[in-house]
Every structure is written in C-alpha cells, then in structure tokens.
file start-v3.txt (compact mmCIF, C-alpha atoms)
# COMPACT_ATOMS: atom_id res chain seq x y z
CA MET X 1 14.86 -22.90 31.81
CA ASP X 2 17.12 -20.32 30.17
CA GLN X 3 17.64 -22.71 27.28
CA GLU X 4 13.89 -23.17 26.88
CA ALA X 5 13.36 -19.39 26.87
CA ALA X 6 16.10 -18.92 24.29
CA SER X 7 14.57 -21.63 22.12
CA ALA X 8 11.12 -20.04 22.38
CA GLY X 9 12.55 -16.62 21.54
CA LYS X 10 14.32 -18.04 18.52
CA GLY X 11 11.09 -19.67 17.37
CA MET X 12 9.20 -16.37 17.68
CA LYS X 13 11.91 -14.58 15.72
CA GLN X 14 11.73 -17.17 12.94
CA ARG X 15 7.94 -16.82 12.77
CA ARG X 16 8.31 -13.05 12.45
CA LEU X 17 10.90 -13.48 9.70
CA HIS X 18 8.70 -15.83 7.72
CA ARG X 19 5.31 -14.20 8.26
CA PRO X 20 3.53 -12.81 5.20
CA ARG X 21 4.03 -9.16 4.40
CA VAL X 22 1.43 -6.82 5.87
CA VAL X 23 0.27 -4.34 3.23
CA VAL X 24 -2.20 -1.44 3.19
CA VAL X 25 -3.65 -0.31 -0.16
CA THR X 26 -5.81 2.79 -0.40
CA ASP X 27 -8.53 2.95 -3.05
CA ALA X 28 -8.40 -0.84 -2.96
CA SER X 29 -11.96 -1.37 -4.18
CA ALA X 30 -11.44 -0.72 -7.90
CA GLY X 31 -9.03 0.13 -10.69
CA VAL X 32 -5.29 0.19 -10.05
CA GLY X 33 -5.84 -0.41 -6.33
CA ARG X 34 -7.92 -3.52 -6.98
CA ALA X 35 -5.34 -4.93 -9.39
CA THR X 36 -2.59 -4.16 -6.87
CA VAL X 37 -4.48 -6.01 -4.15
CA ARG X 38 -4.70 -9.06 -6.41
CA GLU X 39 -0.97 -8.90 -7.15
CA PHE X 40 -0.02 -8.72 -3.46
CA ALA X 41 -2.50 -11.52 -2.71
CA ARG X 42 -0.62 -13.83 -5.08
CA GLU X 43 2.34 -13.73 -2.70
CA GLY X 44 0.07 -14.49 0.26
CA ALA X 45 0.17 -10.99 1.78
CA TRP X 46 -2.14 -9.87 4.56
CA ILE X 47 -3.81 -6.75 3.23
CA GLY X 48 -5.68 -3.84 4.74
CA LEU X 49 -8.25 -2.78 2.15
CA VAL X 50 -8.97 0.96 2.38
CA ALA X 51 -11.64 2.71 0.30
CA ARG X 52 -15.13 4.20 0.59
CA SER X 53 -17.04 1.52 -1.34
CA ARG X 54 -17.97 -1.42 0.89
CA ASP X 55 -19.25 -3.35 -2.14
CA GLY X 56 -15.89 -3.09 -3.89
CA LEU X 57 -13.97 -3.84 -0.69
CA GLU X 58 -15.95 -7.01 -0.08
CA GLY X 59 -15.22 -8.12 -3.63
CA ALA X 60 -11.52 -7.45 -3.09
CA ARG X 61 -11.56 -9.36 0.21
CA LYS X 62 -12.97 -12.46 -1.48
CA GLU X 63 -10.26 -12.32 -4.14
CA VAL X 64 -7.50 -12.01 -1.54
CA GLU X 65 -8.78 -14.95 0.48
CA ALA X 66 -9.25 -17.06 -2.66
CA ALA X 67 -5.59 -16.42 -3.49
CA GLY X 68 -4.45 -17.58 -0.05
CA GLY X 69 -3.98 -14.24 1.67
CA ARG X 70 -5.90 -12.49 4.43
CA ALA X 71 -7.78 -9.20 4.17
CA LEU X 72 -9.39 -6.56 6.35
CA VAL X 73 -12.25 -4.49 4.95
CA LEU X 74 -11.75 -0.92 6.17
CA PRO X 75 -14.33 1.53 4.77
CA THR X 76 -12.42 4.80 4.90
CA ASP X 77 -12.51 8.24 3.31
CA VAL X 78 -8.85 9.25 3.08
CA ALA X 79 -9.82 12.93 3.10
CA TYR X 80 -10.29 12.56 6.88
CA PRO X 81 -7.03 11.98 8.80
CA GLU X 82 -8.73 10.41 11.81
CA GLN X 83 -10.25 7.71 9.58
CA VAL X 84 -6.87 6.97 7.99
CA GLU X 85 -5.23 6.75 11.41
CA GLU X 86 -7.92 4.37 12.65
CA ALA X 87 -7.48 2.15 9.59
CA ALA X 88 -3.71 1.95 10.19
CA ALA X 89 -4.21 1.14 13.87
CA THR X 90 -6.73 -1.58 13.06
CA VAL X 91 -4.37 -3.26 10.59
CA GLU X 92 -1.56 -3.38 13.14
CA ARG X 93 -3.85 -4.67 15.90
CA ARG X 94 -5.11 -7.50 13.69
CA PHE X 95 -2.15 -8.32 11.43
CA GLY X 96 0.95 -6.86 13.06
CA PRO X 97 3.48 -4.28 11.83
CA ILE X 98 2.75 -2.74 8.44
CA ASP X 99 5.52 -3.53 5.94
CA VAL X 100 4.16 -1.71 2.87
CA TRP X 101 1.75 1.19 2.54
CA VAL X 102 0.45 2.01 -0.95
CA ASN X 103 -1.12 5.45 -1.44
CA ASN X 104 -3.38 5.24 -4.46
CA ALA X 105 -6.65 7.04 -3.68
CA MET X 106 -7.75 9.67 -6.18
CA THR X 107 -10.68 11.55 -7.58
CA SER X 108 -10.99 14.10 -10.35
CA VAL X 109 -13.32 16.39 -12.27
CA LEU X 110 -13.15 16.65 -16.05
CA SER X 111 -13.96 20.30 -16.60
CA PRO X 112 -12.53 23.63 -17.71
CA ALA X 113 -11.04 25.34 -14.66
CA MET X 114 -13.31 28.38 -15.05
CA GLU X 115 -16.36 26.15 -14.63
CA MET X 116 -15.10 24.36 -11.51
CA THR X 117 -16.50 25.18 -8.07
CA ALA X 118 -14.46 25.82 -4.96
CA GLN X 119 -15.97 22.70 -3.38
CA GLU X 120 -14.80 20.57 -6.32
CA PHE X 121 -11.24 21.87 -6.10
CA GLN X 122 -11.31 21.27 -2.35
CA ARG X 123 -12.58 17.72 -2.67
CA VAL X 124 -10.05 16.67 -5.31
CA THR X 125 -7.24 18.20 -3.24
CA ASP X 126 -8.45 16.57 -0.03
CA VAL X 127 -8.47 13.10 -1.58
CA THR X 128 -5.72 13.15 -4.20
CA TYR X 129 -3.16 15.22 -2.30
CA LEU X 130 -4.01 15.33 1.40
CA GLY X 131 -5.12 11.69 1.33
CA TYR X 132 -1.51 10.84 0.41
CA VAL X 133 -0.21 13.08 3.17
CA TYR X 134 -2.44 11.49 5.80
CA GLY X 135 -1.63 7.96 4.62
CA THR X 136 2.10 8.65 4.54
CA LEU X 137 2.12 10.14 8.04
CA ALA X 138 0.05 7.27 9.45
CA ALA X 139 2.55 4.82 7.98
CA LEU X 140 5.59 6.79 9.16
CA ARG X 141 4.31 6.97 12.74
CA ARG X 142 4.60 3.19 12.76
CA MET X 143 7.55 2.56 10.47
CA VAL X 144 10.05 5.16 11.71
CA PRO X 145 10.28 3.81 15.29
CA ARG X 146 10.95 0.34 13.82
CA ASP X 147 13.34 1.82 11.22
CA ALA X 148 11.75 -0.35 8.54
CA GLY X 149 9.01 -0.19 5.93
CA VAL X 150 8.19 0.95 2.41
CA ILE X 151 5.71 3.60 1.26
CA VAL X 152 4.71 3.45 -2.41
CA GLN X 153 3.17 6.61 -3.85
CA VAL X 154 1.13 5.91 -6.98
CA GLY X 155 1.91 8.94 -9.10
CA SER X 156 1.32 9.98 -12.68
CA ALA X 157 3.00 11.53 -15.68
CA LEU X 158 0.61 14.40 -14.86
CA ALA X 159 2.71 15.12 -11.76
CA TYR X 160 5.22 16.58 -14.24
CA ARG X 161 3.17 17.55 -17.30
CA SER X 162 -0.33 18.86 -16.70
CA ILE X 163 -3.10 18.54 -19.26
CA PRO X 164 -6.19 20.67 -19.87
CA LEU X 165 -9.55 19.85 -18.23
CA GLN X 166 -7.94 18.27 -15.13
CA SER X 167 -6.52 21.29 -13.32
CA ALA X 168 -7.52 20.06 -9.84
CA TYR X 169 -6.13 16.56 -10.33
CA CYS X 170 -2.90 17.74 -11.98
CA GLY X 171 -2.39 20.31 -9.22
CA ALA X 172 -2.85 17.61 -6.58
CA LYS X 173 -0.37 15.28 -8.29
CA HIS X 174 2.20 18.07 -8.51
CA ALA X 175 1.65 18.68 -4.79
CA VAL X 176 2.26 15.01 -3.99
CA GLN X 177 5.55 15.17 -5.88
CA GLY X 178 6.69 18.20 -3.88
CA PHE X 179 5.63 16.65 -0.58
CA VAL X 180 7.44 13.38 -1.27
CA GLU X 181 10.69 15.03 -2.35
CA SER X 182 10.76 17.18 0.78
CA LEU X 183 9.96 14.25 3.05
CA ARG X 184 12.52 11.99 1.40
CA SER X 185 15.29 14.47 2.19
CA GLU X 186 14.15 14.62 5.82
CA LEU X 187 14.31 10.84 6.15
CA LEU X 188 17.79 10.82 4.62
CA HIS X 189 18.86 13.54 7.05
CA ASP X 190 17.64 11.43 9.96
CA GLY X 191 19.38 8.31 8.67
CA SER X 192 16.07 6.45 8.47
CA ARG X 193 15.85 3.17 6.59
CA VAL X 194 12.18 3.73 5.78
CA HIS X 195 11.97 3.91 2.01
CA ILE X 196 9.63 6.05 -0.09
CA THR X 197 9.26 5.36 -3.79
CA THR X 198 6.96 6.78 -6.47
CA VAL X 199 5.53 4.84 -9.41
CA GLN X 200 4.61 7.26 -12.20
CA LEU X 201 1.72 6.05 -14.36
CA PRO X 202 0.58 6.40 -17.96
CA ALA X 203 -3.11 6.30 -18.98
CA VAL X 204 -4.79 3.25 -17.45
CA ASN X 205 -7.99 1.38 -18.26
CA THR X 206 -9.87 1.73 -14.95
CA PRO X 207 -13.53 2.25 -14.00
CA GLN X 208 -12.89 5.87 -13.00
CA PHE X 209 -13.85 7.08 -16.47
CA GLY X 210 -17.30 5.66 -15.91
CA TRP X 211 -17.88 7.67 -12.74
CA ILE X 212 -15.67 10.76 -12.97
CA LYS X 213 -17.60 14.01 -12.75
CA SER X 214 -17.52 15.60 -16.19
CA ARG X 215 -18.83 18.74 -17.90
CA LEU X 216 -17.87 17.56 -21.38
CA PRO X 217 -20.40 16.47 -24.01
CA CYS X 218 -18.88 13.02 -24.71
CA HIS X 219 -17.86 10.05 -22.58
CA PRO X 220 -14.49 10.49 -20.80
CA GLN X 221 -11.54 8.33 -21.72
CA PRO X 222 -7.88 8.05 -20.74
CA VAL X 223 -5.49 9.69 -23.20
CA PRO X 224 -4.19 6.90 -25.47
CA PRO X 225 -2.06 4.82 -25.46
CA ILE X 226 -3.79 3.00 -22.61
CA TYR X 227 -2.39 0.30 -20.32
CA GLN X 228 -4.18 -2.37 -18.31
CA PRO X 229 -4.17 -1.96 -14.51
CA GLU X 230 -2.27 -5.24 -14.09
CA VAL X 231 0.79 -3.63 -15.70
CA ILE X 232 0.72 -0.98 -13.00
CA ALA X 233 0.05 -3.49 -10.23
CA ARG X 234 3.13 -5.50 -11.16
CA ALA X 235 5.20 -2.31 -11.09
CA ILE X 236 3.88 -1.33 -7.65
CA VAL X 237 4.64 -4.73 -6.12
CA TRP X 238 8.08 -4.74 -7.75
CA ALA X 239 8.79 -1.24 -6.43
CA SER X 240 7.82 -2.37 -2.92
CA ARG X 241 10.73 -4.84 -3.01
CA HIS X 242 13.42 -2.65 -4.62
CA ARG X 243 14.88 0.57 -3.31
CA ARG X 244 14.33 2.74 -6.36
CA ARG X 245 13.62 6.43 -5.86
CA GLU X 246 11.13 6.55 -8.70
CA MET X 247 9.76 4.19 -11.35
CA CYS X 248 8.17 5.26 -14.61
CA VAL X 249 5.79 2.83 -16.29
CA GLY X 250 5.26 3.04 -20.05
CA LEU X 251 7.08 4.97 -22.73
CA PRO X 252 4.34 7.67 -22.81
CA THR X 253 5.18 8.51 -19.18
CA VAL X 254 8.85 8.93 -20.00
CA LYS X 255 8.05 11.05 -23.06
CA ALA X 256 5.72 13.32 -21.08
CA ILE X 257 8.30 13.91 -18.34
CA LEU X 258 11.16 14.54 -20.75
CA GLY X 259 8.96 16.66 -23.01
CA ASP X 260 7.98 18.92 -20.14
CA LYS X 261 11.65 19.33 -19.25
CA PHE X 262 12.86 20.28 -22.71
CA ILE X 263 9.87 21.59 -24.73
CA PRO X 264 7.21 22.76 -22.24
CA GLY X 265 6.00 25.66 -24.38
CA LEU X 266 5.54 23.45 -27.42
CA LEU X 267 3.56 20.99 -25.28
CA ASP X 268 1.30 23.83 -24.08
CA HIS X 269 0.24 24.48 -27.65
CA TYR X 270 0.05 20.80 -28.59
CA LEU X 271 -2.25 20.01 -25.64
CA ALA X 272 -4.38 23.07 -26.34
CA TRP X 273 -4.91 21.62 -29.82
CA LYS X 274 -5.26 17.91 -28.94
CA GLY X 275 -5.99 17.69 -25.21
CA TYR X 276 -9.76 18.18 -25.28
CA LYS X 277 -10.48 15.61 -27.98
CA ALA X 278 -8.02 13.05 -26.58
CA GLN X 279 -9.95 12.85 -23.30
CA GLN X 280 -13.34 12.07 -24.89
CA THR X 281 -14.80 9.33 -27.01
CA THR X 282 -17.35 10.15 -29.72
CA GLU X 283 -20.18 8.75 -27.56
CA PRO X 284 -22.49 11.40 -26.05
CA VAL X 285 -22.92 11.26 -22.28
CA ALA X 286 -25.69 12.52 -20.01
CA PRO X 287 -24.65 15.81 -18.38
CA HIS X 288 -25.98 14.79 -14.94
CA ARG X 289 -24.91 11.14 -14.84
CA PRO X 290 -23.98 9.79 -11.35
CA ASN X 291 -20.40 10.39 -10.20
CA ASN X 292 -18.34 9.40 -7.19
CA LEU X 293 -16.80 12.75 -6.30
CA PHE X 294 -18.44 13.10 -2.91
CA GLU X 295 -20.04 9.68 -2.41
CA PRO X 296 -19.13 6.20 -3.71
CA LEU X 297 -21.42 4.58 -6.25
CA PRO X 298 -23.05 1.26 -5.29
CA GLY X 299 -21.70 -1.95 -6.80
CA ASP X 300 -18.41 -3.74 -7.35
CA TYR X 301 -16.62 -2.38 -10.43
CA GLY X 302 -13.46 -4.49 -10.38
CA ALA X 303 -10.16 -3.39 -11.86
CA HIS X 304 -10.95 -2.78 -15.54
CA GLY X 305 -12.82 0.01 -17.25
CA ARG X 306 -14.52 -0.10 -20.64
CA PHE X 307 -11.36 0.29 -22.74
CA ASP X 308 -10.05 -3.28 -22.81
CA GLU X 309 -9.90 -3.25 -26.60
CA GLY X 310 -6.52 -1.89 -27.59
CA ALA X 311 -5.20 -1.55 -24.01
CA TYR X 312 -1.67 -2.87 -23.52
CA ASP X 313 -1.06 -5.64 -20.98
CA PHE X 314 2.74 -5.34 -21.19
CA SER X 315 5.24 -2.47 -21.07
CA LEU X 316 8.58 -3.08 -22.75
CA GLN X 317 9.88 0.15 -21.21
CA PHE X 318 9.13 -1.11 -17.71
CA TRP X 319 10.65 -4.53 -18.51
CA VAL X 320 13.87 -2.78 -19.52
CA ASN X 321 13.67 -0.46 -16.50
CA GLN X 322 13.50 -3.43 -14.14
CA ARG X 323 16.68 -4.87 -15.66
CA ARG X 324 18.55 -1.67 -16.38
CA LEU X 325 21.61 -2.57 -14.28
CA TRP X 326 22.05 -5.96 -15.93
CA LEU X 327 21.36 -4.57 -19.39
CA GLY X 328 23.72 -1.66 -18.74
CA ALA X 329 26.47 -4.03 -17.62
CA ALA X 330 25.89 -6.21 -20.68
CA ALA X 331 26.05 -3.16 -22.95
CA LEU X 332 29.31 -2.00 -21.34
CA ALA X 333 30.81 -5.45 -21.69
CA ALA X 334 29.76 -5.67 -25.33
CA GLY X 335 31.08 -2.16 -25.96
CA GLY X 336 34.42 -3.05 -24.36
CA TYR X 337 34.73 -6.22 -26.42
CA LEU X 338 33.94 -4.32 -29.63
CA ALA X 339 36.48 -1.60 -28.80
CA ARG X 340 39.20 -4.19 -28.19
CA PHE X 341 38.30 -5.99 -31.42
CA VAL X 342 38.51 -2.79 -33.49
CA SER X 343 41.76 -1.76 -31.80
CA ALA X 344 43.29 -5.17 -32.48
CA ARG X 345 42.33 -4.99 -36.14
CA ARG X 346 43.86 -1.55 -36.50
CA ASN X 347 47.13 -2.67 -34.91
CA GLU X 348 47.54 -5.76 -37.08
CA LYS X 349 50.64 -5.70 -39.39
CA PRO X 350 50.97 -7.70 -42.64
CA SER X 351 52.95 -10.92 -42.11
CA GLU X 352 55.81 -12.06 -44.39
CA GLY X 353 53.58 -14.40 -46.35
CA GLU X 354 50.85 -11.83 -47.01
CA ALA X 355 50.47 -10.31 -50.49
CA VAL X 356 51.62 -6.75 -51.00
CA SER X 357 49.57 -4.07 -52.64
CA PRO X 358 49.85 -3.50 -56.40
CA ALA X 359 51.67 -0.20 -55.87
CA ALA X 360 54.13 -1.80 -53.47
CA GLY X 361 54.62 -4.72 -55.90
CA ALA X 362 55.36 -2.40 -58.81
CA SER X 363 57.87 -0.42 -56.81
CA GLY X 364 59.63 -3.62 -55.72
CA SER X 365 59.84 -4.87 -59.34
CA VAL X 366 61.49 -1.61 -60.51
CA ARG X 367 64.08 -1.85 -57.76
CA ALA X 368 64.78 -5.51 -58.59
CA CYS X 369 65.29 -4.73 -62.30
CA ALA X 370 67.62 -1.84 -61.54
CA ALA X 371 69.70 -4.02 -59.27
CA HIS X 372 69.87 -6.77 -61.92
CA ARG X 373 71.08 -4.34 -64.60
CA ALA X 374 73.66 -2.92 -62.26
CA GLY X 375 74.99 -6.43 -61.70
CA ILE X 376 75.24 -7.18 -65.42
CA TYR X 377 77.15 -4.03 -66.28
CA ALA X 378 79.37 -3.94 -63.25
call {"tool": "encode", "arguments": {"input": "start-v3.txt", "output": "structure tokens"}}
result
Amino acid sequence: MDQEAASAGKGMKQRRLHRPRVVVVTDASAGVGRATVREFAREGAWIGLVARSRDGLEGARKEVEAAGGRALVLPTDVAYPEQVEEAAATVERRFGPIDVWVNNAMTSVLSPAMEMTAQEFQRVTDVTYLGYVYGTLAALRRMVPRDAGVIVQVGSALAYRSIPLQSAYCGAKHAVQGFVESLRSELLHDGSRVHITTVQLPAVNTPQFGWIKSRLPCHPQPVPPIYQPEVIARAIVWASRHRRREMCVGLPTVKAILGDKFIPGLLDHYLAWKGYKAQQTTEPVAPHRPNNLFEPLPGDYGAHGRFDEGAYDFSLQFWVNQRRLWLGAAALAAGGYLARFVSARRNEKPSEGEAVSPAAGASGSVRACAAHRAGIYA
C-alpha cells in the first residue's frame, strides 16, 4: 500500500512538473497584451485573460484555444483591487498556481497638462499605476508562500524620459518604476525567489492611438520609430523565462534612457520643439471622437494599430541583448587572441637567415673592409 501511495505521489509530482505554465495577462484584449497572449499560447500556456472589453477577450480566447492552450475570459477593470483579486482567485481555482503575471494595462490622455481635468489624471493613475500595484500584490499573495513565480511589468522608455502631452501617463510610468524598485529590494531582503522584471518599451503600433482621448487637432500616433507588438511580445515571454532585472527593447528606448541620464536639459528643449508634432499625423481628427478612458469601446481590435507601414518587426538591439553574455564572452576571447598575436609579433627577433636593413648592411660592409685592409698591411 505504501508503495502504491509513493507511486501515486510520484505521478502527481511529474504531472505538476510537466503541466503548462499558468499565465495572467492584463489588458489582454488588444495591442501588446493581445500579442503577448498569442506568444504564450504558442507554448501551450493556460492563460487568464484580464481586460474590460469582453469582445476583445473573446477574440483572444479563440486564438489561445486554436493554438492549443486554454484561456479564461475575465472581464476586469484593474483600477478596482477587488476585481483584480477575484480574477487571480478564479485563475488559481480553475488552472492552478499562477506561474507568470504580466502587468500591461494602461490608458492615457493626449493633452496639455493645463487642459487636463482632475478626473482624467485620477483615471490614468488608477489604471496605469495602481492597476500595476493591485496586480503585483494579487500575484505576490500567491507566489510568495510558494516561493516561486515571475511578475513581468510592461514598462516604457517614458518611465525614464517624459514627453510633452502625456503628463498623466508619464507620471504613472515613473511611479511604477519607483514601486518596483522598492518592492524588489524588499523581496531580496526576505530571501524570496519570486522574480520581478521590467520590459521597457519603445513606440509600438497598437490600437490605442485609435481610441486614446485627445485634445489635439490631428490623429495621434506613436513617436517614430515604431515597432510591431509582436517584437514586444517575444521580449515579454523571453523575460518571463530569464532572471533579468530589466530588459530594454529597441535602440530608441536605450537612447531615451541614456539621454535623460546625461543630457536631460537638452532633451527638454528638443522635446519642446519636436514633441508635439511627433505625436500627431497630418490627418485631422474629430475633437469629440469616442475614446476608451472610462469605458471600453465595442468590438475586437486585435493587436495592431493603423501604422503597419514602416513599423519594425525585428529589433537588433534586443537580439543582441538576449545574447549579451555569449557575445561578451566571444568578444573577450577575440580580444585576448588579438592581444597575444600582437604581443607575439612585437617580441619576434630576426633569425640568422633574415635580411638585415640597408643601414645595418652598410655598417657591416665598412667594418669588413677595415678588417681586410688591416690584414693586408699587418
């Protein structure tokens, strides 16, 4: 009987080890979240789909199931902690322990700060900052007791370098950065193996520019250069499997972060000059067009926005970043080989059979002649 129980226990352990990963993605109905859901689905993950739009969530569910995964549709407004907690509890009741939690929900208003309302600032902060806080805490309440799990925070270059016309969004992203850094130190202090990583984004071609609330005369656009959401999705899934503190995607992200560190004042003036125009196309837009700030818009919008033309579907910077240890080791090895080669060349001495220089040859001839004359007249 004991042997049977041991065998059954071993079988259960093996099933746990080989079960698909359980993942929660917020803002899973469209944009980066939708692309991320598709990427996790390719590995057969079981995914909790969190967002406000039921239409978009149902579309995402169908894609997950078509790829061989399983999905739960969880209509949720992340601005409300009780809804986030209920979504997390439902995932664990249906699928088991959550392995990966991806915080991605966001909203924004494209407007000069002086024209913003208090309610707009509050709403952007509730979703884009506090939504991350509530999602992180819901995940930690489950991961910390198990001492396992990964939380991926979808960040932005704007968490380091703010731009005009998005004061609420940039402020929220800066707040997320501060929250994560504080929390990470607490987990290290406690010796927890729960890992938190941040993926910092460049401009991405998502549907948000079709529904963002805007007070500008022309249609909103991401600041070029623009990347496709699949580039970001691959980075998020990769980050969920590697214990990196932070991942930057795209050279523009790196340039923005470094620029803010070394030339912040110059960037202030540059963005004052270029920042307004860079966030608009030349196409006029209706001032009261529908937006999704307080309520989701009907329909399934998918992952892509209207800027497919010219958007990059590959990031060389991220490719190098993924392989930086191997490439660094290869560079060190090549550098060591080159140093040894140069050193060996410098230390080489002419052999007996090698030709001497003209000056040395002339000097030797003079000495030989002098010796010959001395012999004759001796």
call {"tool": "closest_residue", "arguments": {"input": "start-v3.txt", "among": "X:Glu58, X:Asp99, X:Glu43, X:Glu86", "to": "X:Val24", "atoms": "all atoms listed in the file"}}
result
X:Asp99
call {"tool": "residues_around", "arguments": {"input": "start-v3.txt", "residues": "stretch 272-289 of chain X", "least_positions_apart": "6", "cutoff": "12 Å", "atoms": "only C-alpha atoms", "output": "count of residues only"}}
result
32
call {"tool": "closest_residue", "arguments": {"input": "start-v3.txt", "among": "X:Val50, X:Arg161, X:Pro81, X:Ala118", "to": "X:Gly259", "atoms": "all atoms listed in the file"}}
result
X:Arg161
call {"tool": "closest_atom_pairs", "arguments": {"input": "start-v3.txt", "of": "stretch 195-242 of chain X", "to": "stretch 322-339 of chain X", "cutoff": "10 Å", "atoms": "all atoms listed in the file", "output": "tab-separated table"}}
result
residue	atom	partner	partner_atom	distance
X:Ala235	CA	X:Gln322	CA	8.9
X:Trp238	CA	X:Gln322	CA	8.5
X:Ala239	CA	X:Gln322	CA	9.3
X:His242	CA	X:Gln322	CA	9.6
call {"tool": "closest_residue", "arguments": {"input": "start-v3.txt", "among": "X:Trp46, X:Phe95, X:Phe121, X:Tyr80", "to": "X:Arg21", "atoms": "all atoms listed in the file"}}
result
X:Trp46
call {"tool": "closest_atom_pairs", "arguments": {"input": "start-v3.txt", "of": "stretch 234-296 of chain X", "to": "stretch 194-202 of chain X", "cutoff": "8 Å", "atoms": "all atoms listed in the file", "output": "tab-separated table"}}
result
residue	atom	partner	partner_atom	distance
X:Ala235	CA	X:Val199	CA	7.4
X:Ile236	CA	X:Val199	CA	6.6
X:Ala239	CA	X:Thr197	CA	7.1
X:Ser240	CA	X:Thr197	CA	7.9
X:Arg243	CA	X:His195	CA	6.9
X:Arg244	CA	X:Thr197	CA	6.3
X:Arg245	CA	X:Thr197	CA	4.9
X:Glu246	CA	X:Thr198	CA	4.7
X:Met247	CA	X:Val199	CA	4.7
X:Cys248	CA	X:Gln200	CA	4.7
X:Val249	CA	X:Leu201	CA	5.5
X:Gly250	CA	X:Pro202	CA	6.1
X:Pro252	CA	X:Pro202	CA	6.3
X:Thr253	CA	X:Pro202	CA	5.2
call {"tool": "write_last_selection", "arguments": {"input": "start-v3.txt", "atoms": "C-alpha atoms", "output": "PDB file, keeping the file's coordinate frame"}}
result
ATOM      1  CA  ALA X 235       5.200  -2.310 -11.090  1.00  0.00           C
ATOM      2  CA  ILE X 236       3.880  -1.330  -7.650  1.00  0.00           C
ATOM      3  CA  ALA X 239       8.790  -1.240  -6.430  1.00  0.00           C
ATOM      4  CA  SER X 240       7.820  -2.370  -2.920  1.00  0.00           C
ATOM      5  CA  ARG X 243      14.880   0.570  -3.310  1.00  0.00           C
ATOM      6  CA  ARG X 244      14.330   2.740  -6.360  1.00  0.00           C
ATOM      7  CA  ARG X 245      13.620   6.430  -5.860  1.00  0.00           C
ATOM      8  CA  GLU X 246      11.130   6.550  -8.700  1.00  0.00           C
ATOM      9  CA  MET X 247       9.760   4.190 -11.350  1.00  0.00           C
ATOM     10  CA  CYS X 248       8.170   5.260 -14.610  1.00  0.00           C
ATOM     11  CA  VAL X 249       5.790   2.830 -16.290  1.00  0.00           C
ATOM     12  CA  GLY X 250       5.260   3.040 -20.050  1.00  0.00           C
ATOM     13  CA  PRO X 252       4.340   7.670 -22.810  1.00  0.00           C
ATOM     14  CA  THR X 253       5.180   8.510 -19.180  1.00  0.00           C
TER      15      THR X 253
END
call {"tool": "atom_distance", "arguments": {"input": "start-v3.txt", "atom1": "atom CA of X:Leu49", "atom2": "atom CA of X:Val154"}}
result
15.7 Å
call {"tool": "axis_aligned_box", "arguments": {"input": "start-v3.txt", "around": "stretch 248-265 of chain X", "padding_each_side": "5 Å", "output": "lines of an AutoDock Vina configuration file"}}
result
center_x = 8.6
center_y = 14.2
center_z = -19.7
size_x = 18.5
size_y = 32.8
size_z = 20.1
call {"tool": "residues_near_point", "arguments": {"input": "start-v3.txt", "point": "(-5.1, -2.2, -8.7)", "cutoff": "8 Å", "atoms": "only C-alpha atoms", "output": "list in words"}}
result
Ala28, Ala30, Gly31, Val32, Gly33, Arg34, Ala35, Thr36, Val37, Arg38, Pro229, Glu230, Ile232, Ala233 and Ala303 of chain X
call {"tool": "atom_distance", "arguments": {"input": "start-v3.txt", "atom1": "atom CA of X:Val64", "atom2": "atom CA of X:Val237"}}
result
14.9 Å
